[in-house]
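Content type mmCIF, C-alpha atoms and all ligand atoms, from the file work.cif:
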```cif
data_structure
loop_
_atom_site.label_atom_id
_atom_site.label_comp_id
_atom_site.auth_asym_id
_atom_site.auth_seq_id
_atom_site.Cartn_x
_atom_site.Cartn_y
_atom_site.Cartn_z
CA MET A 1 -0.25 17.65 -39.38
CA THR A 2 2.07 17.28 -42.31
CA THR A 3 5.19 17.89 -40.24
CA GLU A 4 5.86 16.33 -36.89
CA ALA A 5 5.91 18.41 -33.75
CA PHE A 6 8.44 16.08 -32.12
CA PRO A 7 10.65 14.93 -35.03
CA ASP A 8 13.49 13.86 -32.72
CA VAL A 9 11.37 11.58 -30.58
CA ARG A 10 10.62 8.01 -31.51
CA LYS A 11 8.02 5.89 -29.73
CA ILE A 12 9.11 5.58 -26.09
CA ALA A 13 9.95 1.96 -25.25
CA TYR A 14 11.00 -0.12 -22.28
CA GLN A 15 14.79 -0.15 -22.04
CA GLY A 16 15.35 -2.22 -18.88
CA ILE A 17 15.75 -1.20 -15.31
CA ASP A 18 19.36 0.02 -15.71
CA GLY A 19 18.76 1.84 -18.99
CA ASP A 20 20.53 5.18 -19.23
CA GLN A 21 18.40 6.75 -21.99
CA PRO A 22 16.26 9.60 -20.68
CA LEU A 23 13.63 8.90 -23.36
CA GLY A 24 12.89 5.32 -22.34
CA PHE A 25 10.95 3.49 -19.64
CA ARG A 26 12.76 1.74 -16.82
CA ARG A 27 9.78 0.25 -15.03
CA TYR A 28 6.85 0.50 -17.41
CA GLU A 29 6.86 -2.54 -19.64
CA PRO A 30 3.41 -2.27 -21.21
CA GLU A 31 2.90 -5.89 -22.25
CA ARG A 32 4.48 -7.49 -19.17
CA MET A 33 1.98 -9.63 -17.28
CA ILE A 34 1.51 -8.96 -13.58
CA ALA A 35 -1.17 -10.71 -11.52
CA GLY A 36 -2.96 -11.94 -14.62
CA LYS A 37 -3.06 -8.68 -16.60
CA SER A 38 -0.65 -6.61 -18.66
CA MET A 39 0.80 -3.51 -17.04
CA ARG A 40 -0.98 -1.49 -19.71
CA ASP A 41 -4.35 -2.88 -18.68
CA HIS A 42 -3.70 -2.45 -14.96
CA LEU A 43 -2.59 1.15 -15.21
CA ARG A 44 -4.81 2.53 -17.98
CA PHE A 45 -2.79 5.74 -18.25
CA ALA A 46 -4.39 8.91 -19.55
CA SER A 47 -2.85 12.27 -20.43
CA CYS A 48 -4.97 15.36 -19.84
CA TYR A 49 -5.48 17.98 -22.53
CA TRP A 50 -5.59 20.93 -20.13
CA HIS A 51 -2.12 20.52 -18.68
CA THR A 52 -0.36 18.76 -21.54
CA MET A 53 -1.60 21.04 -24.33
CA ARG A 54 -3.01 24.17 -22.74
CA ASN A 55 -1.08 24.97 -19.58
CA PRO A 56 1.19 27.94 -20.32
CA LEU A 57 3.13 27.21 -17.09
CA ALA A 58 2.38 30.61 -15.59
CA ASP A 59 2.20 31.26 -11.86
CA PRO A 60 0.73 34.16 -9.85
CA PHE A 61 4.07 35.98 -10.15
CA GLY A 62 5.07 35.34 -13.71
CA VAL A 63 3.92 34.76 -17.27
CA GLY A 64 3.79 31.40 -18.99
CA THR A 65 7.08 29.83 -20.02
CA SER A 66 5.88 26.83 -22.03
CA GLN A 67 7.28 26.66 -25.57
CA THR A 68 4.64 25.56 -28.08
CA PRO A 69 5.97 26.28 -31.58
CA TRP A 70 2.90 24.63 -33.18
CA ASP A 71 0.54 27.12 -31.53
CA ASP A 72 -0.01 30.52 -33.21
CA GLY A 73 -1.45 31.98 -30.01
CA THR A 74 -4.82 32.83 -31.57
CA GLN A 75 -8.26 31.76 -30.36
CA SER A 76 -9.09 30.34 -33.79
CA VAL A 77 -10.68 26.96 -34.40
CA GLU A 78 -7.93 26.25 -36.92
CA ASN A 79 -5.29 26.68 -34.23
CA ALA A 80 -7.34 24.47 -31.91
CA CYS A 81 -7.51 21.71 -34.54
CA ARG A 82 -3.75 21.94 -35.18
CA ARG A 83 -3.13 21.37 -31.46
CA VAL A 84 -5.18 18.18 -31.65
CA GLY A 85 -2.75 16.76 -34.20
CA VAL A 86 0.18 17.54 -31.91
CA PHE A 87 -1.57 15.92 -28.94
CA PHE A 88 -2.22 12.67 -30.80
CA GLU A 89 1.37 12.56 -32.05
CA PHE A 90 2.38 12.93 -28.40
CA LEU A 91 -0.01 10.19 -27.20
CA GLU A 92 1.29 7.75 -29.78
CA LYS A 93 4.93 8.48 -29.06
CA ILE A 94 4.55 8.31 -25.27
CA ASP A 95 2.43 5.14 -25.71
CA ILE A 96 -0.54 6.36 -23.67
CA ASP A 97 -3.90 4.92 -24.68
CA PHE A 98 -6.33 7.37 -23.05
CA PHE A 99 -6.91 11.09 -22.70
CA CYS A 100 -9.24 13.48 -20.83
CA PHE A 101 -10.46 16.97 -21.71
CA HIS A 102 -12.61 19.94 -20.73
CA ASP A 103 -14.77 21.51 -23.45
CA ARG A 104 -12.85 24.78 -23.21
CA ASP A 105 -9.38 23.17 -23.41
CA ILE A 106 -10.05 21.70 -26.80
CA ALA A 107 -12.12 24.50 -28.39
CA PRO A 108 -12.33 28.26 -27.93
CA GLU A 109 -15.39 29.80 -26.29
CA GLY A 110 -17.42 31.76 -28.88
CA ALA A 111 -19.28 35.06 -28.62
CA ASN A 112 -22.49 33.22 -27.69
CA VAL A 113 -23.79 29.75 -26.84
CA ALA A 114 -24.37 28.73 -30.47
CA GLU A 115 -20.91 29.83 -31.58
CA SER A 116 -19.26 27.98 -28.69
CA GLU A 117 -21.17 24.87 -29.71
CA ARG A 118 -20.06 25.18 -33.33
CA ASN A 119 -16.43 25.62 -32.27
CA LEU A 120 -16.60 22.56 -30.07
CA GLU A 121 -18.20 20.47 -32.77
CA ALA A 122 -15.49 21.32 -35.28
CA VAL A 123 -12.71 20.30 -32.89
CA VAL A 124 -14.55 17.16 -31.75
CA GLU A 125 -14.73 16.12 -35.39
CA THR A 126 -10.95 16.47 -35.68
CA ILE A 127 -10.45 14.52 -32.45
CA GLU A 128 -12.77 11.77 -33.66
CA ALA A 129 -10.72 11.36 -36.82
CA GLU A 130 -7.44 11.27 -34.86
CA MET A 131 -8.88 8.69 -32.45
CA LYS A 132 -9.88 6.44 -35.33
CA LYS A 133 -6.45 6.73 -36.92
CA SER A 134 -4.48 6.16 -33.74
CA GLY A 135 -6.69 3.82 -31.69
CA ARG A 136 -6.52 6.20 -28.70
CA ARG A 137 -9.55 6.32 -26.37
CA LEU A 138 -11.33 8.87 -24.22
CA LEU A 139 -11.19 8.10 -20.48
CA TRP A 140 -13.50 10.98 -19.61
CA GLY A 141 -14.69 14.39 -20.68
CA THR A 142 -15.92 17.33 -18.63
CA ALA A 143 -17.17 20.91 -18.87
CA CYS A 144 -15.03 23.77 -17.64
CA LEU A 145 -17.41 25.62 -15.31
CA PHE A 146 -14.82 27.68 -13.51
CA THR A 147 -12.68 29.81 -15.87
CA HIS A 148 -15.20 32.27 -17.34
CA GLN A 149 -16.08 35.46 -15.41
CA ARG A 150 -19.77 34.49 -15.32
CA TYR A 151 -18.89 31.62 -12.96
CA ALA A 152 -17.13 33.81 -10.40
CA SER A 153 -19.83 33.04 -7.80
CA GLY A 154 -20.41 29.47 -8.88
CA ALA A 155 -21.89 27.61 -11.84
CA GLY A 156 -24.36 24.99 -10.59
CA THR A 157 -24.38 26.88 -7.27
CA SER A 158 -24.64 30.40 -8.65
CA PRO A 159 -26.99 32.76 -6.82
CA LEU A 160 -28.21 33.76 -10.30
CA VAL A 161 -30.44 31.32 -12.17
CA ASP A 162 -29.23 32.75 -15.53
CA VAL A 163 -25.72 31.54 -14.75
CA PHE A 164 -27.10 28.12 -13.86
CA CYS A 165 -28.59 27.97 -17.39
CA HIS A 166 -25.18 28.62 -18.93
CA ALA A 167 -23.68 25.85 -16.81
CA ALA A 168 -26.47 23.50 -17.90
CA ALA A 169 -25.88 24.43 -21.54
CA GLN A 170 -22.21 23.58 -21.25
CA VAL A 171 -22.81 20.29 -19.45
CA LYS A 172 -25.34 19.26 -22.11
CA VAL A 173 -22.94 19.79 -24.97
CA ALA A 174 -19.83 18.46 -23.18
CA LEU A 175 -21.80 15.32 -22.35
CA GLU A 176 -22.86 14.91 -25.97
CA ALA A 177 -19.26 15.40 -27.14
CA THR A 178 -18.04 12.81 -24.62
CA HIS A 179 -20.72 10.41 -25.84
CA ARG A 180 -19.82 10.97 -29.48
CA LEU A 181 -16.15 10.22 -28.72
CA GLY A 182 -17.04 6.98 -26.91
CA GLY A 183 -15.90 8.30 -23.51
CA GLU A 184 -15.76 5.75 -20.70
CA GLY A 185 -16.77 8.37 -18.17
CA TYR A 186 -17.70 11.96 -17.44
CA VAL A 187 -16.36 14.02 -14.51
CA PHE A 188 -17.90 16.78 -12.42
CA TRP A 189 -15.32 18.81 -10.56
CA GLY A 190 -16.95 21.70 -8.72
CA GLY A 191 -14.27 24.29 -9.24
CA ARG A 192 -16.45 27.21 -8.16
CA GLU A 193 -19.12 25.21 -6.37
CA GLY A 194 -18.45 26.56 -2.91
CA TYR A 195 -18.00 29.95 -1.30
CA GLY A 196 -15.43 32.62 -0.60
CA SER A 197 -17.30 33.59 2.55
CA ILE A 198 -20.45 32.28 4.20
CA ILE A 199 -21.45 35.89 4.96
CA ASN A 200 -23.03 36.22 1.50
CA THR A 201 -23.92 32.56 0.93
CA ASP A 202 -27.08 30.46 1.28
CA MET A 203 -25.38 27.10 1.52
CA LYS A 204 -28.60 25.10 1.65
CA ARG A 205 -29.86 26.57 -1.63
CA GLU A 206 -26.47 26.20 -3.31
CA ARG A 207 -26.11 22.51 -2.49
CA ARG A 208 -29.67 21.90 -3.64
CA SER A 209 -28.98 23.65 -6.97
CA LEU A 210 -25.85 21.61 -7.52
CA ALA A 211 -27.82 18.42 -6.94
CA ARG A 212 -30.38 19.63 -9.51
CA LEU A 213 -27.65 20.14 -12.10
CA LEU A 214 -26.40 16.60 -11.49
CA HIS A 215 -29.93 15.16 -11.76
CA LEU A 216 -30.43 17.05 -15.02
CA ALA A 217 -27.18 15.52 -16.30
CA VAL A 218 -28.33 12.02 -15.30
CA ASP A 219 -31.60 12.60 -17.19
CA HIS A 220 -29.74 13.82 -20.25
CA LYS A 221 -27.33 10.91 -20.10
CA HIS A 222 -30.27 8.52 -20.36
CA ARG A 223 -31.92 10.62 -23.07
CA ILE A 224 -28.89 10.41 -25.36
CA GLY A 225 -28.00 6.81 -24.42
CA PHE A 226 -24.59 7.59 -22.90
CA LYS A 227 -23.41 4.51 -21.01
CA GLY A 228 -20.25 5.96 -19.46
CA GLN A 229 -19.69 6.33 -15.72
CA PHE A 230 -20.38 9.64 -13.96
CA TYR A 231 -17.81 10.75 -11.38
CA ILE A 232 -17.49 13.53 -8.81
CA GLU A 233 -13.94 14.68 -8.11
CA PRO A 234 -13.54 15.82 -4.48
CA LYS A 235 -11.46 18.88 -3.59
CA PRO A 236 -11.72 20.95 -0.41
CA LYS A 237 -10.61 24.42 -1.50
CA GLU A 238 -8.70 26.36 -4.18
CA PRO A 239 -10.10 28.32 -5.94
CA THR A 240 -12.86 28.81 -3.34
CA THR A 241 -12.34 28.98 0.42
CA HIS A 242 -14.65 26.02 0.91
CA GLN A 243 -15.89 23.64 -1.77
CA TYR A 244 -19.01 21.52 -1.30
CA ASP A 245 -17.25 18.43 -2.64
CA SER A 246 -14.53 18.71 0.03
CA ASP A 247 -13.45 15.10 0.31
CA ALA A 248 -14.66 11.59 -0.45
CA ALA A 249 -16.85 11.28 2.65
CA THR A 250 -18.46 14.67 2.02
CA CYS A 251 -19.20 13.75 -1.60
CA LEU A 252 -20.71 10.42 -0.58
CA ASN A 253 -22.96 12.18 1.93
CA PHE A 254 -24.01 14.71 -0.73
CA LEU A 255 -24.78 11.97 -3.25
CA ARG A 256 -26.82 10.02 -0.66
CA GLU A 257 -28.69 13.09 0.56
CA PHE A 258 -29.85 13.95 -2.96
CA ASP A 259 -30.51 10.40 -4.25
CA LEU A 260 -27.60 10.43 -6.66
CA LEU A 261 -25.37 7.69 -5.25
CA GLU A 262 -26.44 5.00 -7.71
CA HIS A 263 -25.44 7.25 -10.63
CA PHE A 264 -22.00 8.35 -9.47
CA LYS A 265 -18.59 7.11 -8.44
CA LEU A 266 -15.63 9.20 -7.31
CA ASN A 267 -12.53 10.34 -9.18
CA ILE A 268 -9.90 10.67 -6.48
CA GLU A 269 -6.90 13.00 -6.92
CA THR A 270 -3.82 12.79 -4.71
CA ASN A 271 -3.17 16.51 -4.45
CA HIS A 272 -6.82 17.12 -3.50
CA ALA A 273 -6.65 14.41 -0.82
CA TRP A 274 -3.62 16.14 0.68
CA LEU A 275 -5.31 19.56 0.54
CA ALA A 276 -8.16 18.00 2.53
CA GLY A 277 -5.66 16.88 5.17
CA HIS A 278 -5.94 13.21 4.21
CA THR A 279 -3.63 10.66 2.71
CA MET A 280 -4.46 9.33 -0.76
CA GLU A 281 -4.97 5.88 0.80
CA HIS A 282 -7.60 7.31 3.15
CA GLU A 283 -9.58 8.82 0.28
CA LEU A 284 -9.27 5.70 -1.86
CA GLN A 285 -10.32 3.44 1.02
CA THR A 286 -13.28 5.67 1.92
CA SER A 287 -14.49 5.51 -1.70
CA MET A 288 -13.83 1.80 -2.02
CA ASP A 289 -15.75 0.97 1.18
CA ALA A 290 -18.80 2.67 -0.33
CA GLY A 291 -18.36 0.76 -3.61
CA ALA A 292 -17.71 4.11 -5.25
CA LEU A 293 -14.05 4.18 -6.26
CA GLY A 294 -14.13 4.89 -9.97
CA SER A 295 -11.03 6.59 -11.29
CA ILE A 296 -7.87 8.37 -10.20
CA ASP A 297 -6.25 11.69 -11.04
CA ALA A 298 -2.64 10.65 -10.60
CA ASN A 299 -0.50 13.50 -9.37
CA MET A 300 1.01 14.71 -6.13
CA GLY A 301 1.60 17.96 -4.28
CA VAL A 302 4.48 19.33 -2.29
CA TRP A 303 3.97 18.44 1.38
CA THR A 304 5.69 21.60 2.58
CA ASN A 305 3.56 24.24 0.83
CA GLY A 306 -0.01 22.89 0.94
CA TRP A 307 -1.06 24.10 -2.52
CA ASP A 308 -2.59 22.31 -5.48
CA THR A 309 0.65 22.21 -7.45
CA ASP A 310 -0.31 19.19 -9.63
CA ASN A 311 3.17 17.70 -9.74
CA PHE A 312 3.72 14.53 -11.72
CA PRO A 313 3.50 11.52 -9.35
CA THR A 314 7.16 10.51 -9.42
CA ASP A 315 7.21 8.77 -6.03
CA PRO A 316 7.06 4.96 -6.31
CA ILE A 317 5.98 4.55 -2.68
CA LEU A 318 2.93 6.71 -3.37
CA GLY A 319 2.44 4.64 -6.53
CA ALA A 320 2.50 1.46 -4.45
CA GLN A 321 -0.03 2.82 -1.96
CA ILE A 322 -2.36 3.77 -4.81
CA MET A 323 -1.96 0.54 -6.75
CA ARG A 324 -2.52 -1.57 -3.61
CA CYS A 325 -5.99 -0.02 -3.41
CA VAL A 326 -6.62 -0.52 -7.11
CA LEU A 327 -5.60 -4.20 -6.87
CA LYS A 328 -7.75 -4.65 -3.76
CA MET A 329 -10.77 -3.38 -5.65
CA GLY A 330 -10.05 -5.88 -8.44
CA GLY A 331 -8.70 -3.31 -10.91
CA PHE A 332 -10.24 -0.43 -12.84
CA THR A 333 -13.33 -0.95 -14.92
CA THR A 334 -14.18 2.39 -16.58
CA GLY A 335 -11.50 4.29 -14.67
CA GLY A 336 -7.77 4.74 -15.07
CA LEU A 337 -4.77 6.80 -14.00
CA ASN A 338 -5.19 10.25 -15.48
CA PHE A 339 -2.10 12.40 -15.09
CA ASP A 340 -3.78 15.56 -13.88
CA ALA A 341 -0.25 16.92 -13.62
CA LYS A 342 1.79 19.72 -15.06
CA ARG A 343 5.46 20.26 -15.66
CA ARG A 344 7.22 22.76 -13.43
CA ARG A 345 7.50 26.29 -14.79
CA GLU A 346 11.21 25.67 -15.29
CA SER A 347 10.55 22.58 -17.46
CA PHE A 348 9.32 24.62 -20.41
CA GLN A 349 10.65 22.76 -23.45
CA PRO A 350 8.40 20.48 -25.52
CA ILE A 351 10.65 17.52 -24.69
CA ASP A 352 9.76 18.01 -21.01
CA MET A 353 6.25 16.80 -21.91
CA PHE A 354 7.88 13.40 -22.48
CA HIS A 355 10.24 13.47 -19.49
CA SER A 356 7.42 14.33 -17.10
CA HIS A 357 5.06 11.62 -18.34
CA ILE A 358 7.86 9.02 -18.44
CA ALA A 359 8.77 9.74 -14.81
CA GLY A 360 5.11 9.49 -13.76
CA MET A 361 4.49 6.30 -15.74
CA ASP A 362 7.63 4.64 -14.40
CA ALA A 363 6.76 5.52 -10.79
CA MET A 364 3.22 4.17 -11.13
CA ALA A 365 4.49 1.02 -12.87
CA HIS A 366 7.04 0.57 -10.10
CA GLY A 367 4.21 1.07 -7.61
CA LEU A 368 2.19 -1.63 -9.36
CA GLU A 369 5.12 -4.07 -9.10
CA ILE A 370 5.52 -3.36 -5.37
CA ALA A 371 1.78 -3.59 -4.73
CA SER A 372 1.43 -6.90 -6.53
CA LYS A 373 4.36 -8.39 -4.58
CA ILE A 374 2.75 -7.25 -1.33
CA GLN A 375 -0.53 -8.78 -2.40
CA GLU A 376 1.12 -12.04 -3.43
CA ASP A 377 2.99 -12.25 -0.13
CA GLY A 378 -0.28 -11.71 1.73
CA GLY A 379 1.40 -10.93 5.06
CA LEU A 380 -0.05 -7.45 5.51
CA ASP A 381 -3.58 -8.56 4.61
CA ALA A 382 -3.30 -11.59 6.90
CA PHE A 383 -2.23 -9.38 9.80
CA ILE A 384 -5.34 -7.24 9.46
CA GLN A 385 -7.61 -10.23 9.12
CA ASP A 386 -6.10 -11.75 12.23
CA ARG A 387 -6.37 -8.47 14.14
CA TYR A 388 -10.16 -8.47 13.80
CA ALA A 389 -10.66 -12.25 14.04
CA SER A 390 -12.50 -12.04 17.39
CA TRP A 391 -15.37 -10.32 15.57
CA ASP A 392 -15.89 -13.53 13.60
CA GLY A 393 -16.41 -15.56 16.80
CA PRO A 394 -19.80 -16.18 18.47
CA LEU A 395 -19.73 -13.02 20.62
CA GLY A 396 -18.79 -10.76 17.68
CA LYS A 397 -21.52 -12.31 15.57
CA ARG A 398 -24.18 -11.75 18.24
CA ILE A 399 -23.22 -8.07 18.47
CA LEU A 400 -23.20 -7.55 14.72
CA GLU A 401 -26.46 -9.40 14.15
CA GLY A 402 -28.08 -7.32 16.85
CA THR A 403 -29.12 -10.18 19.13
CA ALA A 404 -27.12 -9.01 22.16
CA THR A 405 -28.35 -6.22 24.44
CA LEU A 406 -26.22 -3.74 26.36
CA GLY A 407 -27.13 -5.75 29.46
CA ASP A 408 -25.84 -8.98 27.86
CA LEU A 409 -22.58 -7.23 26.96
CA ARG A 410 -22.21 -5.91 30.52
CA ASP A 411 -22.37 -9.51 31.74
CA GLU A 412 -19.83 -10.59 29.09
CA ALA A 413 -17.46 -7.81 30.19
CA ALA A 414 -17.76 -8.93 33.83
CA ARG A 415 -17.01 -12.53 32.78
CA ILE A 416 -14.06 -11.57 30.50
CA GLY A 417 -12.24 -9.40 33.02
CA GLU A 418 -9.43 -7.22 31.64
CA PRO A 419 -8.91 -8.09 27.90
CA ASP A 420 -5.58 -9.44 26.74
CA LEU A 421 -4.52 -6.71 24.24
CA PRO A 422 -2.38 -7.57 21.18
CA SER A 423 0.15 -5.05 19.76
CA GLY A 424 -0.76 -3.05 16.62
CA ARG A 425 2.82 -3.57 15.31
CA GLN A 426 2.73 -0.49 13.05
CA GLU A 427 6.49 -0.18 12.67
CA MET A 428 6.94 -3.89 12.04
CA LEU A 429 4.34 -3.69 9.27
CA GLU A 430 5.95 -0.58 7.76
CA GLY A 431 9.12 -2.65 7.62
CA VAL A 432 7.25 -5.45 5.85
CA PHE A 433 5.96 -2.94 3.27
CA ASN A 434 9.49 -1.65 2.70
CA ARG A 435 10.77 -5.18 2.04
CA PHE A 436 8.95 -5.07 -1.28
CA VAL A 437 10.20 -1.65 -2.37
C1 LIG B 1 -8.58 20.91 -10.59
C2 LIG B 1 -8.77 19.58 -11.19
C3 LIG B 1 -9.51 19.55 -12.49
C4 LIG B 1 -10.36 18.33 -12.67
C5 LIG B 1 -11.20 18.38 -13.92
O1 LIG B 1 -7.91 20.90 -9.41
O2 LIG B 1 -8.30 18.59 -10.67
O3 LIG B 1 -8.59 19.65 -13.51
O4 LIG B 1 -9.59 17.18 -12.72
O5 LIG B 1 -12.00 19.49 -13.98
CO CO B 2 -8.19 16.59 -11.26
#
```
Could you show the structure in this file as structure tokens?
Ligand code: XUL
Ligand code: CO
Amino acid sequence: MTTEAFPDVRKIAYQGIDGDQPLGFRRYEPERMIAGKSMRDHLRFASCYWHTMRNPLADPFGVGTSQTPWDDGTQSVENACRRVGVFFEFLEKIDIDFFCFHDRDIAPEGANVAESERNLEAVVETIEAEMKKSGRRLLWGTACLFTHQRYASGAGTSPLVDVFCHAAAQVKVALEATHRLGGEGYVFWGGREGYGSIINTDMKRERRSLARLLHLAVDHKHRIGFKGQFYIEPKPKEPTTHQYDSDAATCLNFLREFDLLEHFKLNIETNHAWLAGHTMEHELQTSMDAGALGSIDANMGVWTNGWDTDNFPTDPILGAQIMRCVLKMGGFTTGGLNFDAKRRRESFQPIDMFHSHIAGMDAMAHGLEIASKIQEDGGLDAFIQDRYASWDGPLGKRILEGTATLGDLRDEAARIGEPDLPSGRQEMLEGVFNRFV
């Protein structure tokens, strides 16, 4: 890039909580220390290539509205490489350290496997150079196994073994690209790994094939020496009617069933949690309890329509709920907060790329502040510990260690009489949470 794509934007900086500049942070103060770490290191923000650079902002009723003056609209590698320059200018100006990509977001698909590989390699080379220059890092890479027509009936779960081969080819090369770029992780999101109707589907075979694809990826990871973390990203539906990676618990069961659990963690996305009929906290807690919370796709939906709208997460309460879980787990290791989020169709100007990320970053930073105050206060955690304290007594221990029989417990119940029940105090605790907002 010889000319800047955003000449009117300087590096976005913290301006204070009452700042009135739209292009400045009000909550995100990257170097401010909270609970022993800088905000930057707690939050590990990433911007995603697919929404930030490639989403035309179309919807099922209308064409794309996004203005991208740097893009000539062709499928050329040259155009793809020019976009990379724009993306890195954006990352530096918004002060985001990480990014994520699919193979097909960054490089055009070719006429055959070899041409696609050459295209990808050329763009990866450009990205590598930009990363060196800017110090930006790759949070995770992935293969897009859902856009092309050949994947209409699934990729790893296709009824046709030939399609499975194409999926494997893409995973191989996307994994190698992620490795070359020093990626901290690699994501599998099963966009088409499910069914439209069970009437034409052999679910048992399909789940087994998907597990094979993941095992092949684990083998290849070891073959090439990639040390990054593998993740599965749960989502219940959209585009399919039912997806095999429906929610965190379903993914954990799948990974256990096929001996994959030691190789994978989960990448939990808010909008997907909601589509599954869960809260984000539920999905994060489920993953954490299995030691499998890895990374987060930070976005949100619209409660009233139930779609995967990938809004920017601009709600600080949601941010606090998420960051409470992240703090509880002791912080991210390979993971981070990837904004898998797109601007609204009405927010079509290039400058809206900045406004949307700033709003998301500020809300998550605000959430971190709230969460760390709640943790420091300790009241909510103490309440829960106290609520279960009887399980730490002699009777609880006997039950948990397995030394009490049902007969023993019958005698205990007769001795105890009617238990003295404490209140759950939900509303009081919600009030305590709100004190820190
Ligand atoms: C789709 C989605 C994907 C994954 C990566 O809903 O979330 O963008 O994050 O394939
Ligand atoms: Co996602």
Determine the nearest neighbour of Asp310 (chain A) from the options A:Gln15, A:Asn55, A:Ser390, A:Asn253, counting all atoms listed in the file.
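So, comparing all the options, the nearest one is A:Asn55.
Shortest separation to ligand LIG 1 (chain B) among A:Ile198, A:Ala169, A:Leu337, A:Cys251 occurs at residue A:Leu337, atoms counted being only C-alpha atoms and all ligand atoms.
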Using only C-alpha atoms and all ligand atoms, find each residue in chain A having at least one atom no more than 7 Å away from ligand LIG 1 (chain B); report its shortest atom-to-atom pair and that distance in Å (one decimal), rows by chain then rising number, as CSV.
```
residue,atom,partner,partner_atom,distance
A:His102,CA,B:LIG1,O5,6.8
A:Thr142,CA,B:LIG1,O5,6.5
A:Cys144,CA,B:LIG1,O5,6.4
A:Val187,CA,B:LIG1,C5,6.8
A:Phe188,CA,B:LIG1,O5,6.7
A:Trp189,CA,B:LIG1,O5,4.8
A:Gly191,CA,B:LIG1,C1,6.8
A:Glu233,CA,B:LIG1,O4,6.8
A:Glu269,CA,B:LIG1,O2,6.9
A:Asp297,CA,B:LIG1,O4,6.6
A:Asp308,CA,B:LIG1,O1,6.8
A:Asp340,CA,B:LIG1,O4,6.1
```
As a ChimeraX atom specification, please: the residues near Ser347 (chain A) (cut-off 9 Å, only C-alpha atoms, same-chain neighbours under 5 positions excluded).
/A:57,65-66,352-353,356
Using all atoms listed in the file, can you tell me which of A:Asn267, A:Tyr195, A:Gly301, A:Pro22 comes closest to ligand CO 2 (chain B)?
A:Asn267
Would you list the contacts of Ile322 (chain A) as JSON, numbers by chain, taking every protein, DNA or RNA residue within 8 Å and counting all atoms listed in the file, but skipping same-chain residues closer than 6 positions in sequence?
{"A": [280, 281, 284, 367]}
Got a sec: who's within 12 Å of Gly64 (chain A), counting only C-alpha atoms, leaving out chain neighbours fewer than 6 positions off, as a PyMOL selection string?
chain A and resi 54-58+343-349
Please produce, as a Markdown table, a per-residue contact table for region 29-132 of chain A versus region 148-155 of chain A (criterion: any atom at most 12 Å away, all atoms listed in the file considered), showing the nearest atom pair and its distance in Å to one decimal, sorted by chain then residue number.
```
| residue | atom | partner | partner_atom | distance |
| --- | --- | --- | --- | --- |
| A:Arg104 | CA | A:His148 | CA | 9.8 |
| A:Pro108 | CA | A:His148 | CA | 11.7 |
| A:Glu109 | CA | A:His148 | CA | 9.3 |
| A:Gly110 | CA | A:His148 | CA | 11.8 |
```
Dump C-alpha atoms for the selected residues as a short mmCIF file (atom, residue, chain, number, x, y, z; two decimals), in the frame of the given file?
```
data_model
loop_
_atom_site.label_atom_id
_atom_site.label_comp_id
_atom_site.auth_asym_id
_atom_site.auth_seq_id
_atom_site.Cartn_x
_atom_site.Cartn_y
_atom_site.Cartn_z
CA ARG A 104 -12.85 24.78 -23.21
CA PRO A 108 -12.33 28.26 -27.93
CA GLU A 109 -15.39 29.80 -26.29
CA GLY A 110 -17.42 31.76 -28.88
#
```
The residues within 12 Å of (-19.8, 4.6, -9.7), using all atoms listed in the file and the coordinates of the file, should be reported as a VMD selection string; which are they?
chain A and resid 184 to 187 227 to 233 252 255 260 to 267 287 to 288 290 to 295 332 to 335
Using the incomplete input, complete region 239-246 of chain A to the level of N, CA and C atoms; output as a PDB file, keeping the file's coordinate frame.
```pdb
ATOM      1  N   PRO A 239     -10.145  26.871  -6.143  1.00  0.00           N
ATOM      2  CA  PRO A 239     -10.100  28.320  -5.940  1.00  0.00           C
ATOM      3  C   PRO A 239     -10.962  28.873  -4.804  1.00  0.00           C
ATOM      4  N   THR A 240     -12.039  28.206  -4.390  1.00  0.00           N
ATOM      5  CA  THR A 240     -12.860  28.810  -3.340  1.00  0.00           C
ATOM      6  C   THR A 240     -12.240  28.539  -1.970  1.00  0.00           C
ATOM      7  N   THR A 241     -12.801  29.201  -0.950  1.00  0.00           N
ATOM      8  CA  THR A 241     -12.340  28.980   0.420  1.00  0.00           C
ATOM      9  C   THR A 241     -12.822  27.620   0.914  1.00  0.00           C
ATOM     10  N   HIS A 242     -14.081  27.320   0.545  1.00  0.00           N
ATOM     11  CA  HIS A 242     -14.650  26.020   0.910  1.00  0.00           C
ATOM     12  C   HIS A 242     -15.420  25.473  -0.276  1.00  0.00           C
ATOM     13  N   GLN A 243     -15.142  24.259  -0.684  1.00  0.00           N
ATOM     14  CA  GLN A 243     -15.890  23.640  -1.770  1.00  0.00           C
ATOM     15  C   GLN A 243     -16.819  22.558  -1.211  1.00  0.00           C
ATOM     16  N   TYR A 244     -18.007  22.449  -1.834  1.00  0.00           N
ATOM     17  CA  TYR A 244     -19.010  21.520  -1.300  1.00  0.00           C
ATOM     18  C   TYR A 244     -18.623  20.059  -1.506  1.00  0.00           C
ATOM     19  N   ASP A 245     -17.697  19.812  -2.431  1.00  0.00           N
ATOM     20  CA  ASP A 245     -17.250  18.430  -2.640  1.00  0.00           C
ATOM     21  C   ASP A 245     -15.890  18.213  -1.956  1.00  0.00           C
ATOM     22  N   SER A 246     -15.810  18.634  -0.686  1.00  0.00           N
ATOM     23  CA  SER A 246     -14.530  18.710   0.030  1.00  0.00           C
ATOM     24  C   SER A 246     -13.653  17.463   0.006  1.00  0.00           C
TER      25      SER A 246
END
```
